[in-house]
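What follows is the content of work.cif (mmCIF, C-alpha atoms).
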```
data_start
loop_
_atom_site.label_atom_id
_atom_site.label_comp_id
_atom_site.auth_asym_id
_atom_site.auth_seq_id
_atom_site.Cartn_x
_atom_site.Cartn_y
_atom_site.Cartn_z
CA MET A 3 -82.03 70.48 65.52
CA SER A 4 -79.00 68.68 66.85
CA THR A 5 -75.32 69.13 66.29
CA ARG A 6 -72.34 66.84 66.62
CA HIS A 7 -68.75 67.72 67.17
CA ASP A 8 -66.40 66.71 64.41
CA ARG A 9 -63.90 63.96 65.03
CA ASN A 10 -60.94 64.95 62.89
CA TYR A 11 -57.82 62.92 62.26
CA ARG A 12 -55.34 65.78 62.80
CA SER A 13 -56.10 69.34 63.92
CA TRP A 14 -53.88 72.39 64.00
CA ASP A 15 -55.75 74.24 66.72
CA GLY A 16 -53.03 75.53 69.02
CA GLY A 17 -54.00 73.05 71.69
CA GLY A 18 -50.43 72.11 72.52
CA ASP A 19 -50.31 68.90 70.54
CA ASP A 20 -50.45 70.27 67.01
CA PRO A 21 -48.86 68.08 64.34
CA PRO A 22 -45.71 69.39 62.61
CA HIS A 23 -46.24 72.17 60.08
CA THR A 24 -44.20 70.64 57.24
CA ASP A 25 -43.56 67.24 55.67
CA VAL A 26 -46.64 65.51 57.05
CA VAL A 27 -48.30 62.39 55.63
CA LEU A 28 -51.83 61.79 56.92
CA ASP A 29 -52.96 58.20 56.38
CA PRO A 30 -55.58 57.33 59.02
CA LEU A 31 -56.27 53.85 57.65
CA SER A 32 -52.63 52.90 58.23
CA ASP A 33 -52.57 54.36 61.75
CA PRO A 34 -52.10 51.48 64.22
CA ALA A 35 -53.44 53.43 67.22
CA THR A 36 -55.95 51.52 69.36
CA ASP A 37 -58.29 52.30 72.24
CA GLU A 38 -58.13 50.78 75.73
CA PHE A 39 -59.90 47.66 74.41
CA GLY A 40 -57.41 47.11 71.60
CA ARG A 41 -59.77 48.29 68.85
CA ARG A 42 -58.38 50.35 65.98
CA LEU A 43 -59.17 54.05 66.41
CA TRP A 44 -59.24 55.00 62.75
CA LEU A 45 -61.54 52.92 60.58
CA ARG A 46 -63.14 54.19 57.39
CA GLY A 47 -66.14 56.35 58.18
CA THR A 48 -65.04 57.24 61.72
CA TRP A 49 -63.60 60.73 61.11
CA GLN A 50 -64.93 63.84 59.35
CA ASP A 51 -61.87 65.83 58.17
CA THR A 52 -58.40 64.41 57.76
CA ALA A 53 -56.63 67.77 58.23
CA LYS A 54 -58.31 70.68 60.02
CA PHE A 55 -56.84 74.14 60.60
CA TYR A 56 -58.36 76.83 62.79
CA ARG A 57 -57.39 80.09 64.40
CA ARG A 58 -53.96 80.12 62.74
CA LEU A 59 -52.32 83.47 62.04
CA SER A 60 -49.49 84.07 59.54
CA GLU A 61 -48.21 80.49 59.66
CA VAL A 62 -46.71 78.27 56.97
CA PHE A 63 -47.96 74.73 56.35
CA ALA A 64 -46.05 72.93 53.61
CA ARG A 65 -45.73 69.54 51.94
CA ILE A 66 -48.77 67.96 53.53
CA THR A 67 -50.16 64.79 51.96
CA VAL A 68 -53.67 63.55 52.70
CA VAL A 69 -53.78 59.87 51.74
CA ASN A 70 -57.34 59.21 52.93
CA GLY A 71 -60.05 61.85 53.17
CA GLY A 72 -62.80 61.64 55.79
CA THR A 73 -66.57 61.51 55.61
CA GLU A 74 -66.47 65.26 54.86
CA ASP A 75 -63.18 66.73 53.66
CA GLY A 76 -59.57 65.99 53.00
CA VAL A 77 -58.70 69.50 54.24
CA ASP A 78 -60.88 71.92 56.25
CA ILE A 79 -59.54 75.46 56.69
CA SER A 80 -61.95 76.82 59.26
CA SER A 81 -62.65 79.47 61.85
CA GLU A 82 -60.50 82.57 61.47
CA ASP A 83 -57.36 81.32 59.73
CA HIS A 84 -55.67 84.50 58.51
CA ASP A 85 -52.72 85.24 56.22
CA CYS A 86 -51.38 81.68 56.22
CA LEU A 87 -49.53 79.84 53.46
CA PHE A 88 -50.69 76.33 52.60
CA ALA A 89 -48.10 75.12 50.09
CA ASP A 90 -47.49 71.87 48.22
CA PHE A 91 -50.55 69.97 49.39
CA ASP A 92 -51.40 66.58 47.84
CA VAL A 93 -55.01 65.87 48.81
CA THR A 94 -57.14 62.79 48.29
CA THR A 95 -60.79 63.72 48.53
CA GLY A 96 -63.06 63.05 51.43
CA GLU A 97 -66.50 61.63 50.72
CA ALA A 98 -67.83 65.17 50.18
CA ARG A 99 -64.86 67.31 49.03
CA HIS A 100 -61.13 67.81 48.87
CA LEU A 101 -61.25 71.28 50.45
CA THR A 102 -63.53 73.50 52.50
CA LEU A 103 -62.47 77.04 53.46
CA LYS A 104 -64.84 78.91 55.76
CA GLY A 105 -65.40 80.63 59.09
CA GLY A 106 -64.07 84.08 58.24
CA SER A 107 -60.70 82.75 57.07
CA THR A 108 -59.10 85.53 55.01
CA GLY A 109 -55.95 86.47 53.14
CA ASN A 110 -54.62 82.92 52.86
CA VAL A 111 -52.50 81.61 50.00
CA LEU A 112 -53.06 78.02 48.88
CA ARG A 113 -50.18 77.30 46.50
CA ASP A 114 -49.34 74.22 44.41
CA TRP A 115 -52.12 71.79 45.24
CA ILE A 116 -52.82 68.42 43.62
CA TYR A 117 -56.32 66.96 43.95
CA ARG A 118 -56.80 63.17 43.80
CA GLY A 119 -60.05 61.26 43.40
CA ARG A 120 -63.46 62.69 42.53
CA PRO A 121 -66.20 63.42 45.06
CA PRO A 122 -69.81 63.37 43.81
CA LEU A 123 -70.40 67.10 43.27
CA LEU A 124 -67.62 69.55 44.15
CA ASP A 125 -63.91 69.50 44.82
CA ALA A 126 -63.84 72.73 46.84
CA GLU A 127 -66.26 74.99 48.72
CA PHE A 128 -65.60 78.48 50.05
CA GLY A 129 -67.40 80.55 52.70
CA VAL A 130 -69.98 77.94 53.73
CA TRP A 131 -71.79 78.12 57.07
CA SER A 132 -69.64 77.75 60.17
CA SER A 133 -71.07 77.78 63.67
CA SER A 134 -67.84 79.34 64.95
CA SER A 135 -67.83 82.38 62.65
CA THR A 136 -70.29 83.88 60.19
CA ALA A 137 -67.74 86.31 58.73
CA ARG A 138 -67.02 86.20 55.00
CA SER A 139 -63.91 84.30 53.87
CA LYS A 140 -62.34 86.88 51.55
CA ASN A 141 -59.11 87.46 49.62
CA ASN A 142 -57.99 83.84 49.54
CA LEU A 143 -55.63 83.07 46.65
CA CYS A 144 -55.51 79.61 45.08
CA LEU A 145 -52.39 79.39 42.93
CA ARG A 146 -51.53 76.45 40.67
CA HIS A 147 -54.27 74.00 41.66
CA HIS A 148 -54.68 70.97 39.42
CA HIS A 149 -56.51 67.66 39.43
CA GLU A 150 -54.57 64.48 38.75
CA ASP A 151 -57.08 63.45 36.07
CA GLY A 152 -56.44 66.62 34.03
CA GLU A 153 -60.05 67.76 34.29
CA PRO A 154 -61.08 71.04 35.96
CA ILE A 155 -61.48 71.43 39.69
CA ARG A 156 -65.16 72.05 40.44
CA TYR A 157 -65.83 74.74 43.04
CA ALA A 158 -68.60 76.86 44.52
CA TYR A 159 -68.79 79.66 47.07
CA VAL A 160 -71.17 81.64 49.23
CA LEU A 161 -71.75 85.18 47.98
CA GLY A 162 -68.95 87.39 49.32
CA SER A 163 -66.41 84.58 49.64
CA ARG A 164 -65.28 84.07 46.06
CA PRO A 165 -61.68 82.79 45.93
CA ILE A 166 -59.03 84.17 43.58
CA TRP A 167 -57.74 81.51 41.18
CA GLN A 168 -54.47 81.89 39.32
CA ALA A 169 -52.74 79.41 36.99
CA SER A 170 -55.36 76.80 37.93
CA TYR A 171 -57.76 74.71 35.85
CA VAL A 172 -61.17 75.22 37.47
CA THR A 173 -64.86 75.43 36.72
CA HIS A 174 -67.42 77.33 38.77
CA VAL A 175 -70.57 75.34 39.60
CA TRP A 176 -72.72 78.44 39.73
CA TRP A 177 -76.02 76.79 40.64
CA TRP A 178 -74.41 75.19 43.69
CA SER A 179 -73.10 78.61 44.72
CA VAL A 180 -76.72 79.78 44.69
CA CYS A 181 -77.71 76.82 46.89
CA LEU A 182 -74.82 77.40 49.30
CA THR A 183 -75.70 81.09 49.62
CA ALA A 184 -79.38 80.29 50.27
CA HIS A 185 -78.37 77.70 52.89
CA PHE A 186 -76.04 80.18 54.58
CA CYS A 187 -78.77 82.84 54.71
CA ALA A 188 -81.28 80.37 56.15
CA LYS A 189 -78.83 79.27 58.86
CA TYR A 190 -77.98 82.88 59.66
CA PHE A 191 -81.66 83.78 60.01
CA TRP A 192 -82.34 80.72 62.18
CA HIS A 193 -79.41 81.26 64.54
CA LYS A 194 -78.65 84.99 64.54
CA ILE A 195 -82.05 86.58 63.92
CA LEU A 196 -84.44 84.11 65.58
CA GLY A 197 -81.89 83.07 68.19
CA PHE A 198 -82.39 79.32 67.95
CA LYS A 199 -79.52 77.13 69.09
CA ASP A 200 -78.51 73.65 68.09
CA ASP A 201 -79.07 71.06 70.80
#
```
Would you mind writing the file out in structure tokens?
Amino acid sequence: MSTRHDRNYRSWDGGGDDPPHTDVVLDPLSDPATDEFGRRLWLRGTWQDTAKFYRRLSEVFARITVVNGGTEDGVDISSEDHDCLFADFDVTTGEARHLTLKGGSTGNVLRDWIYRGRPPLLDAEFGVWSSSSTARSKNNLCLRHHHEDGEPIRYAYVLGSRPIWQASYVTHVWWWSVCLTAHFCAKYFWHKILGFKDD
């Protein structure tokens, strides 16, 4: 097995160069940044998540717009984000999803989200496998989430990581939750019980 490190457009990781926490527009395809050879850095298909958050504690992120999602997600809330507020997000889907929340992230409030575009299967996943933390992602509240097309937001979760939905129009894709839980258990057995590592 091999693993690759994500290349994300913007990451809030406490590394000293975090983007602002409010009033942020993320539009990689309009970013004029180039490498040392003058080639554009951000072409479609060259980044995984447009906005990634990890190891944030009791912080507020507000009025963030994702214009172009990546090859995975528009927003990835990952690896021990606790008790944060993610408010007024306007998210265009990545190729796979609008939102993934995982890695033991707990007690977060995701308030007033608009979802744009439709990925093939799901709009949101919760509690999926993360190499950085196998803890459950519990007690996450999704308040007033709506899709621009007026249809329900499709979501699934790993057993033990069910989100709390309020004033939102959603549908649970139960069979995909079963698949996600089976995948999580298989990865856990492979890595934690048998001790195999990714190359």
- Care to translate the PyMOL selection byres ((chain A and resi 99) around 12) into actual residues of this file, as JSON, numbers by chain? {"A": [50, 51, 52, 70, 71, 72, 73, 74, 75, 76, 77, 78, 93, 94, 95, 96, 97, 98, 100, 101, 102, 103, 117, 118, 119, 120, 121, 122, 123, 124, 125, 126, 127, 128, 155, 156, 157, 158]}
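The nearest approach to A:Ser135 among the residues A:Thr48, A:Ser80, A:Asn110, A:Thr173, with all atoms listed in the file taken into account, belongs to A:Ser80.
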- Message: Translate the PyMOL selection byres ((chain A and resi 160) around 7) into a concrete residue list for this structure, as a ChimeraX atom specification.
- Response: /A:128-130,159,161-163,179,182-183
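Atom CA of A:Asp25 lies 25.5 Å from atom CA of A:Tyr171.
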- Message: Would you compute the distance between atom CA of A:Asn10 and atom CA of A:Leu31? Give it in Å to one decimal.
- Response: 13.1 Å
- Return as number ranges by chain the set of residues that the PyMOL selection byres ((chain A and resi 142) around 10) yields on the displayed structure. A: 84-86, 103, 107-112, 128, 139-141, 143-145, 163-167
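Atom CA of A:Asp83 to atom CA of A:Tyr56 spans 5.5 Å [interatomic distance, one decimal].
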Centre, x/y/z edge lengths, axis-aligned box for stretch 72-75 of chain A with 8 Å per side, as JSON:
```
{"center_x": -64.7, "center_y": 64.1, "center_z": 54.7, "size_x": 19.8, "size_y": 21.2, "size_z": 18.1}
```
- Nearby residues (only C-alpha atoms) at most 9 Å from A:Val27, same-chain spacing under 5 positions excluded, as a PyMOL selection string: chain A and resi 65-69
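Proximity ranking of A:His174, A:Glu61, A:Thr136, A:Arg113 relative to A:Pro154 places A:His174 first, based on only C-alpha atoms.
Closest approach to A:Lys189 among A:Arg138, A:Trp131, A:Asp114, A:Gly47 is made by A:Trp131 (distances from all atoms listed in the file).
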- Note on the structure: One residue among A:Trp176, A:Ile79, A:Phe91, A:His147 is nearest to A:Ser132 when using only C-alpha atoms, and that residue is A:Ile79
- Which residue of A:Thr24, A:Ile195, A:Ala35, A:Gly16 approaches A:Leu59 most closely, using all atoms listed in the file: A:Gly16
